[in-house]
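Below is one structure, written out as structure tokens; comments come after it.
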Amino acid sequence: MAVENRNILKRVYVIALLILIMSTAVAVKLSNIQWVEGDYYRKLAKERTIKNFVIPANRGNVYSSDGSLLATSIPEYTIRFDALAPSQENFDKYAESLADSLSLMLKKSSGSILNELRKARANKNRYMLVARKLSYTQHAAIKGFPLFNLGAYKGGIIIEQETVREHPIGKIAARTIGYERFDENGKLLPVGIEGAFGKYLNGKNGKILKQKIAKGQWKPIRDNNEVEPIDGFDVVSTIDVYIQDIAHHALLKQLEEYEADHGCVVVMETKTGNVKAISNLGRSKEGTYYETINYAVGESHEPGSTFKLVDLIALLDDKKVDTSEVYNTYGGVVVYKGKKVRDSHEGGYGKISLGRGFEVSSNTVLVQAVYENYKDNPKQFVNHINSMGLNKPLGLPFKGEGIPRIPQPGQNGWSGISLPWMAFGYGVSVTPLQTLTLYNAIANNGVMVKPKFVQEVKEWNKTIKKFDTEIINPKICSEETLNKVKAVLKNVVKKGTASKLYSKDFSMAGKTGTAQVDYHKGDVEMYYASSFTGYFPAENPKYSCIVVVHKPNTSKNNYYGADVAGPVFKRIAQKVFTDVPSTDQVKNLKKKISNQEKSYVTYNEKLNKKPSVIPNLKGMPGMDAVALLENLGMKVKAVGFGKVKKQSIQAGQPIIKNNVIVLELS
């Protein structure tokens, strides 16, 4: 018995010892957590339940040159309800009124809304959805509704804000206006003006502190933000909405008529290089057209006959030949290194001058002129191309600018047919905007300017940065060459390949182009690219313009630049100068009218005399009489219109300030 009691006692001691050890370990651990690791765990708990969320700053607006909104940031709000935040007293008191108010805004029955609120309360829902995609005005109104006007803690309102980008004029010029967003891999995709000028538009993000209330659900801790976001600057583009609309619809009409694959049009202000309109339209599988690739900026291709302008400038500037030099078209076919160069006109043009050859776009004439004069020194010809900047990108702020290709003598890619092929726009590759820049230089009296899409960055009415016109080449050719080229370009429209565009009431100048694209790739279908580049009016050019239409349907029996692209140019030119609002000038503003001058002198004399008694006002114009009396400190009541017929206080009476005098006018 004694032995058994001792064994029991030993077990009690062992258990007591174990309990003591465990208690000590727990105490040590708690002490360690409290004093050693406490800060870490408190920080961890806070991070998992409370953290800062980024509030994206509103991007600045993108405006057209005439002040129209092209892109803007619109705040959208989501309203949720923390059903456990209000006290029972406040919930019972205001729930019905809240339901009635929400009913009017959301166009739902107040009964169903009240049921949802009560259900959320019963289910302890702390994140009930009330409404999505609310405007700022709607969100401000909802904050004032019963219960919600008590705030986040007492009223349970949860406000979530996000910013969306809107384009008020729709998809017109969408690729040029562009965007800035991240792809699925987190890589920034900067496109167009939005992408190129993101550093100005973006602003600085703010921060808001939120508390975790459920799995994946967070609500703001307070109404105010921790750090307020700072809006980005505004960007003012060179686009003119009215001209843009004209250009877009003129191109769209022609693409639809010819069932073309894609096309582009650019209208540029001659002196400044400001791009007033740019449209890039591609055909969908359904046959509709929409803004896709920025073809004008990014598509480098063989230009065809519009490149012949380079030939003419080089030949005349180097004084190799004059426009009167006569060439034999040899039945419309000449051969170089076993390769045939053909005229589009079957049988050729007989013997014609260089100038006339340009006007009718004779390949045989231009190729002969270039080859005969530069075959021994092709570098001299290519240097003209390089001096015009056609051998390198324009250096636009956009991503994806097309890379030009100009073969250089002595380098890879140069062959025996390079020179003759270049003469009629093959074997070279430039973008539509590069071609337009060259033609614009002719319109601008030889000064080549860089195309410009943005004119300034602003913060409200304050200019942050201004973008001036950049000169690429101050003089691309001599004055003599310039005058001859201008005359020939005008004749292209008057009596050349673009004669269908001619109008005696409106002058235009330019050059047609019809190029075979991918003709040298056996496994790729060959198609035509029709173009027209020029400026208007011909005498004192204000705008230059290029139109390019790719792959017009050849079953229409017409694919030439004059017929496909030319009408777009003409439609734009005529509409810009007949429809664009203008401001009339009022002439002879400084011309003096004797009666008016006499009346003014009489009034001025009476005013400066400062009489001490009421003057005789009969016969004086009513407006003058009122002004005179008020300057004397009297109150005037005029009845009727015209000159003073009667006055309630007769002439000669003393002037008493603030006395009322009634004038009867007739």
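Ligands are numbered from 1 in the order shown, residues from 1 within each chain, and chains are lettered A, B, ... in the order they appear in the structure tokens.
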
Strand (DSSP E or B) per DSSP on the backbone: members of region 117-283 of chain A, as a VMD selection string: chain A and resid 128 to 134 157 to 166 179 to 182 188 to 191 204 206 to 214 217 to 220 227 230 234 to 237 262 to 269 274 to 283

Filtering to C-alpha atoms, could you give me those residues as a PDB file, in the first residue's frame?
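Result file is again_21.pdb:
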```pdb
ATOM      1  CA  MET A 128     -23.064  44.921 -50.617  1.00  0.00           C
ATOM      2  CA  LEU A 129     -23.055  46.289 -54.172  1.00  0.00           C
ATOM      3  CA  VAL A 130     -25.351  49.324 -54.537  1.00  0.00           C
ATOM      4  CA  ALA A 131     -24.461  50.760 -57.966  1.00  0.00           C
ATOM      5  CA  ARG A 132     -21.695  50.710 -60.599  1.00  0.00           C
ATOM      6  CA  LYS A 133     -20.409  53.172 -63.201  1.00  0.00           C
ATOM      7  CA  LEU A 134     -21.816  56.275 -61.603  1.00  0.00           C
ATOM      8  CA  ILE A 157     -21.204  53.940 -47.450  1.00  0.00           C
ATOM      9  CA  ILE A 158     -18.192  52.579 -49.341  1.00  0.00           C
ATOM     10  CA  ILE A 159     -17.020  54.622 -52.342  1.00  0.00           C
ATOM     11  CA  GLU A 160     -14.684  53.131 -54.946  1.00  0.00           C
ATOM     12  CA  GLN A 161     -13.336  55.304 -57.736  1.00  0.00           C
ATOM     13  CA  GLU A 162     -11.666  54.390 -61.015  1.00  0.00           C
ATOM     14  CA  THR A 163     -10.721  56.462 -64.018  1.00  0.00           C
ATOM     15  CA  VAL A 164     -11.665  55.588 -67.593  1.00  0.00           C
ATOM     16  CA  ARG A 165     -10.436  57.186 -70.819  1.00  0.00           C
ATOM     17  CA  GLU A 166     -13.057  58.544 -73.175  1.00  0.00           C
ATOM     18  CA  TYR A 179      -3.296  55.211 -75.766  1.00  0.00           C
ATOM     19  CA  GLU A 180      -0.917  54.121 -73.015  1.00  0.00           C
ATOM     20  CA  ARG A 181      -1.614  50.800 -71.347  1.00  0.00           C
ATOM     21  CA  PHE A 182       0.082  47.647 -70.063  1.00  0.00           C
ATOM     22  CA  LEU A 188       3.982  49.347 -71.344  1.00  0.00           C
ATOM     23  CA  LEU A 189       2.369  49.865 -74.754  1.00  0.00           C
ATOM     24  CA  PRO A 190       2.696  53.552 -75.740  1.00  0.00           C
ATOM     25  CA  VAL A 191       0.745  54.445 -78.892  1.00  0.00           C
ATOM     26  CA  LYS A 204       1.125  61.673 -59.926  1.00  0.00           C
ATOM     27  CA  GLY A 206      -2.372  59.272 -54.816  1.00  0.00           C
ATOM     28  CA  LYS A 207      -2.899  56.787 -51.966  1.00  0.00           C
ATOM     29  CA  ILE A 208      -5.890  55.669 -49.951  1.00  0.00           C
ATOM     30  CA  LEU A 209      -5.811  53.553 -46.779  1.00  0.00           C
ATOM     31  CA  LYS A 210      -8.161  50.562 -46.783  1.00  0.00           C
ATOM     32  CA  GLN A 211      -9.050  47.864 -44.265  1.00  0.00           C
ATOM     33  CA  LYS A 212      -9.698  44.245 -45.117  1.00  0.00           C
ATOM     34  CA  ILE A 213     -13.254  43.290 -44.227  1.00  0.00           C
ATOM     35  CA  ALA A 214     -13.539  39.930 -45.993  1.00  0.00           C
ATOM     36  CA  GLN A 217     -12.687  42.791 -50.000  1.00  0.00           C
ATOM     37  CA  TRP A 218     -11.315  46.071 -48.714  1.00  0.00           C
ATOM     38  CA  LYS A 219     -13.022  49.272 -47.702  1.00  0.00           C
ATOM     39  CA  PRO A 220     -11.612  52.781 -47.134  1.00  0.00           C
ATOM     40  CA  VAL A 227      -2.143  61.309 -50.558  1.00  0.00           C
ATOM     41  CA  ILE A 230      -2.233  65.215 -58.904  1.00  0.00           C
ATOM     42  CA  ASP A 234      -3.143  68.784 -70.902  1.00  0.00           C
ATOM     43  CA  VAL A 235      -1.753  68.283 -74.396  1.00  0.00           C
ATOM     44  CA  VAL A 236      -2.958  70.493 -77.247  1.00  0.00           C
ATOM     45  CA  SER A 237      -2.597  68.708 -80.575  1.00  0.00           C
ATOM     46  CA  HIS A 262      -6.637  50.024 -96.437  1.00  0.00           C
ATOM     47  CA  GLY A 263      -5.674  53.641 -96.905  1.00  0.00           C
ATOM     48  CA  CYS A 264      -4.534  56.830 -95.264  1.00  0.00           C
ATOM     49  CA  VAL A 265      -4.802  60.576 -95.661  1.00  0.00           C
ATOM     50  CA  VAL A 266      -2.829  63.398 -94.054  1.00  0.00           C
ATOM     51  CA  VAL A 267      -3.496  67.133 -94.286  1.00  0.00           C
ATOM     52  CA  MET A 268      -0.623  69.366 -93.182  1.00  0.00           C
ATOM     53  CA  GLU A 269      -0.355  73.120 -92.717  1.00  0.00           C
ATOM     54  CA  ASN A 274       1.112  71.165 -88.200  1.00  0.00           C
ATOM     55  CA  VAL A 275      -0.819  68.013 -89.047  1.00  0.00           C
ATOM     56  CA  LYS A 276      -4.415  69.216 -89.228  1.00  0.00           C
ATOM     57  CA  ALA A 277      -5.928  65.833 -90.091  1.00  0.00           C
ATOM     58  CA  ILE A 278      -4.781  62.222 -90.287  1.00  0.00           C
ATOM     59  CA  SER A 279      -6.917  59.169 -90.947  1.00  0.00           C
ATOM     60  CA  ASN A 280      -5.831  55.526 -91.209  1.00  0.00           C
ATOM     61  CA  LEU A 281      -8.552  53.065 -92.177  1.00  0.00           C
ATOM     62  CA  GLY A 282      -8.313  49.305 -92.617  1.00  0.00           C
ATOM     63  CA  ARG A 283     -10.947  46.880 -93.869  1.00  0.00           C
TER      64      ARG A 283
END
```

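Neighbouring residues of Asn202 (chain A) at 10 Å or closer, counting only C-alpha atoms and skipping chain neighbours under 5 positions away, are Pro56, Ala57, Asn58, Arg59, Gly60, Asn61, Glu180, Glu194, Gly195, Phe197, Ile230, Asp231, Gly232, Phe233 and Asp234 of chain A.
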
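If only C-alpha atoms are the atoms counted, then among A:Val14, A:Val639, A:Val564, A:Ile464 the closest residue to Tyr258 (chain A) is A:Val564.
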
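Proximity to Ile193 (chain A) at 10 Å, evaluated using only C-alpha atoms and with sequence-adjacent residues fewer than 5 positions away removed, yields Val62, Ala174, Arg175, Thr176, Ile177, Gly178, Tyr179, Glu180, Gly198, Leu201, Val235, Val236, Ser237, Pro397, Phe398, Lys399, Phe453 and Val454 of chain A.
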
Any chance you can output those residues with N, CA and C atoms as a PDB file, in the first residue's frame?
```
ATOM      1  N   VAL A  62      -6.422  65.544 -73.928  1.00  0.00           N
ATOM      2  CA  VAL A  62      -5.829  65.825 -75.233  1.00  0.00           C
ATOM      3  C   VAL A  62      -6.849  66.651 -76.008  1.00  0.00           C
ATOM      4  N   ALA A 174      -8.173  57.759 -84.087  1.00  0.00           N
ATOM      5  CA  ALA A 174      -7.909  57.007 -82.846  1.00  0.00           C
ATOM      6  C   ALA A 174      -6.456  56.561 -82.741  1.00  0.00           C
ATOM      7  N   ARG A 175      -5.854  56.131 -83.867  1.00  0.00           N
ATOM      8  CA  ARG A 175      -4.468  55.648 -83.802  1.00  0.00           C
ATOM      9  C   ARG A 175      -3.492  56.785 -83.542  1.00  0.00           C
ATOM     10  N   THR A 176      -3.813  57.972 -83.993  1.00  0.00           N
ATOM     11  CA  THR A 176      -2.926  59.109 -83.766  1.00  0.00           C
ATOM     12  C   THR A 176      -3.103  59.644 -82.355  1.00  0.00           C
ATOM     13  N   ILE A 177      -4.331  59.716 -81.877  1.00  0.00           N
ATOM     14  CA  ILE A 177      -4.570  60.102 -80.480  1.00  0.00           C
ATOM     15  C   ILE A 177      -3.932  59.064 -79.570  1.00  0.00           C
ATOM     16  N   GLY A 178      -4.148  57.775 -79.898  1.00  0.00           N
ATOM     17  CA  GLY A 178      -3.435  56.681 -79.250  1.00  0.00           C
ATOM     18  C   GLY A 178      -3.890  56.338 -77.850  1.00  0.00           C
ATOM     19  N   TYR A 179      -3.011  55.642 -77.133  1.00  0.00           N
ATOM     20  CA  TYR A 179      -3.296  55.211 -75.766  1.00  0.00           C
ATOM     21  C   TYR A 179      -1.988  54.820 -75.094  1.00  0.00           C
ATOM     22  N   GLU A 180      -2.054  54.618 -73.792  1.00  0.00           N
ATOM     23  CA  GLU A 180      -0.917  54.121 -73.015  1.00  0.00           C
ATOM     24  C   GLU A 180      -1.464  53.102 -72.036  1.00  0.00           C
ATOM     25  N   GLY A 198       3.102  60.705 -72.613  1.00  0.00           N
ATOM     26  CA  GLY A 198       2.643  60.158 -71.345  1.00  0.00           C
ATOM     27  C   GLY A 198       3.264  60.825 -70.133  1.00  0.00           C
ATOM     28  N   LEU A 201       1.093  63.748 -69.514  1.00  0.00           N
ATOM     29  CA  LEU A 201      -0.318  63.446 -69.286  1.00  0.00           C
ATOM     30  C   LEU A 201      -0.578  62.697 -67.985  1.00  0.00           C
ATOM     31  N   VAL A 235      -2.529  68.209 -73.155  1.00  0.00           N
ATOM     32  CA  VAL A 235      -1.753  68.283 -74.396  1.00  0.00           C
ATOM     33  C   VAL A 235      -2.651  68.835 -75.495  1.00  0.00           C
ATOM     34  N   VAL A 236      -2.199  69.888 -76.146  1.00  0.00           N
ATOM     35  CA  VAL A 236      -2.958  70.493 -77.247  1.00  0.00           C
ATOM     36  C   VAL A 236      -2.345  70.028 -78.565  1.00  0.00           C
ATOM     37  N   SER A 237      -3.097  69.246 -79.308  1.00  0.00           N
ATOM     38  CA  SER A 237      -2.597  68.708 -80.575  1.00  0.00           C
ATOM     39  C   SER A 237      -2.774  69.734 -81.693  1.00  0.00           C
ATOM     40  N   PRO A 397       7.725  61.607 -82.603  1.00  0.00           N
ATOM     41  CA  PRO A 397       7.718  61.143 -81.208  1.00  0.00           C
ATOM     42  C   PRO A 397       7.047  59.790 -81.020  1.00  0.00           C
ATOM     43  N   PHE A 398       6.405  59.260 -82.065  1.00  0.00           N
ATOM     44  CA  PHE A 398       5.642  58.027 -81.938  1.00  0.00           C
ATOM     45  C   PHE A 398       6.523  56.788 -82.074  1.00  0.00           C
ATOM     46  N   LYS A 399       6.085  55.713 -81.431  1.00  0.00           N
ATOM     47  CA  LYS A 399       6.708  54.412 -81.625  1.00  0.00           C
ATOM     48  C   LYS A 399       6.240  53.835 -82.961  1.00  0.00           C
ATOM     49  N   PHE A 453       2.605  67.126 -84.505  1.00  0.00           N
ATOM     50  CA  PHE A 453       1.301  66.652 -84.041  1.00  0.00           C
ATOM     51  C   PHE A 453       0.843  67.324 -82.754  1.00  0.00           C
ATOM     52  N   VAL A 454       1.765  67.922 -82.006  1.00  0.00           N
ATOM     53  CA  VAL A 454       1.427  68.577 -80.736  1.00  0.00           C
ATOM     54  C   VAL A 454       2.021  69.974 -80.742  1.00  0.00           C
TER      55      VAL A 454
END
```

A:Lys657, A:Lys392, A:Lys308, A:Lys199 ranked by distance to Ile614 (chain A), top pick (using only C-alpha atoms): A:Lys657

Nearby residues (only C-alpha atoms) at most 10 Å from region 321-336 of chain A, same-chain spacing under 2 positions excluded, as number ranges by chain: A: 312, 314-319, 338-358, 362-371, 373, 416-417, 419-421, 481, 484-485, 488

Between CA of Lys551 (chain A) and CA of Tyr528 (chain A), distance in Å (one decimal): 5.2 Å

For Asp563 (chain A), find every residue with an atom within 10 Å (counting only C-alpha atoms), except residues of its own chain fewer than 4 positions away, and show them as an mmCIF file with N, CA and C atoms, in the first residue's frame.
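The new file out-v8.cif reads:
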```cif
data_model
loop_
_atom_site.group_PDB
_atom_site.id
_atom_site.type_symbol
_atom_site.label_atom_id
_atom_site.label_comp_id
_atom_site.auth_asym_id
_atom_site.auth_seq_id
_atom_site.Cartn_x
_atom_site.Cartn_y
_atom_site.Cartn_z
ATOM 1 N N GLN A 254 -14.191 56.699 -100.485
ATOM 2 C CA GLN A 254 -13.452 56.118 -101.604
ATOM 3 C C GLN A 254 -13.035 54.676 -101.329
ATOM 4 N N THR A 497 -1.908 63.990 -115.765
ATOM 5 C CA THR A 497 -2.607 62.775 -115.326
ATOM 6 C C THR A 497 -3.751 63.066 -114.357
ATOM 7 N N ALA A 498 -3.721 64.237 -113.730
ATOM 8 C CA ALA A 498 -4.781 64.581 -112.767
ATOM 9 C C ALA A 498 -5.750 65.614 -113.332
ATOM 10 N N LYS A 500 -8.594 65.322 -114.491
ATOM 11 C CA LYS A 500 -9.983 65.119 -114.054
ATOM 12 C C LYS A 500 -10.301 65.903 -112.784
ATOM 13 N N LEU A 501 -9.241 66.296 -112.066
ATOM 14 C CA LEU A 501 -9.432 67.024 -110.820
ATOM 15 C C LEU A 501 -9.481 68.529 -111.040
ATOM 16 N N THR A 512 0.270 62.405 -109.288
ATOM 17 C CA THR A 512 -0.366 61.090 -109.111
ATOM 18 C C THR A 512 0.700 60.010 -108.960
ATOM 19 N N SER A 530 -2.557 53.198 -104.958
ATOM 20 C CA SER A 530 -2.850 54.434 -105.690
ATOM 21 C C SER A 530 -2.668 55.625 -104.763
ATOM 22 N N SER A 531 -2.026 56.674 -105.284
ATOM 23 C CA SER A 531 -1.760 57.819 -104.414
ATOM 24 C C SER A 531 -1.847 59.142 -105.163
ATOM 25 N N PHE A 532 -2.028 60.181 -104.397
ATOM 26 C CA PHE A 532 -1.941 61.543 -104.916
ATOM 27 C C PHE A 532 -1.371 62.409 -103.804
ATOM 28 N N ASN A 558 -10.329 50.247 -112.658
ATOM 29 C CA ASN A 558 -9.582 51.474 -112.425
ATOM 30 C C ASN A 558 -8.811 51.366 -111.123
ATOM 31 N N TYR A 559 -7.528 51.626 -111.189
ATOM 32 C CA TYR A 559 -6.702 51.566 -109.996
ATOM 33 C C TYR A 559 -5.640 52.675 -109.993
ATOM 34 N N PRO A 567 -9.627 61.934 -106.290
ATOM 35 C CA PRO A 567 -10.899 62.519 -105.852
ATOM 36 C C PRO A 567 -10.967 62.806 -104.352
ATOM 37 N N VAL A 568 -10.258 62.016 -103.550
ATOM 38 C CA VAL A 568 -10.227 62.266 -102.101
ATOM 39 C C VAL A 568 -9.534 63.599 -101.840
#
```

Every residue of region 260-447 of chain A that DSSP places in alpha helix (DSSP H), as JSON, numbers by chain: {"A": [295, 296, 297, 298, 308, 309, 310, 311, 312, 313, 314, 315, 316, 317, 354, 355, 356, 357, 358, 359, 363, 364, 365, 366, 367, 368, 369, 370, 371, 372, 373, 374, 378, 379, 380, 381, 382, 383, 384, 385, 386, 387, 418, 419, 420, 421, 422, 423, 432, 433, 434, 435, 436, 437, 438, 439, 440, 441, 442, 443]}

Within 10 Å of Pro404 (chain A) using only C-alpha atoms, minus same-chain residues under 4 positions, as a PyMOL selection string: chain A and resi 298-302+389-394+428-431+434

Contacts of Pro537 (chain A) at 8 Å (only C-alpha atoms; same-chain gap of 3+ positions) as a VMD selection string: chain A and resid 506 to 509 540 to 543

Computed interatomic separation between CA of Leu309 (chain A) and CA of Leu252 (chain A) (Å): 27.5 Å
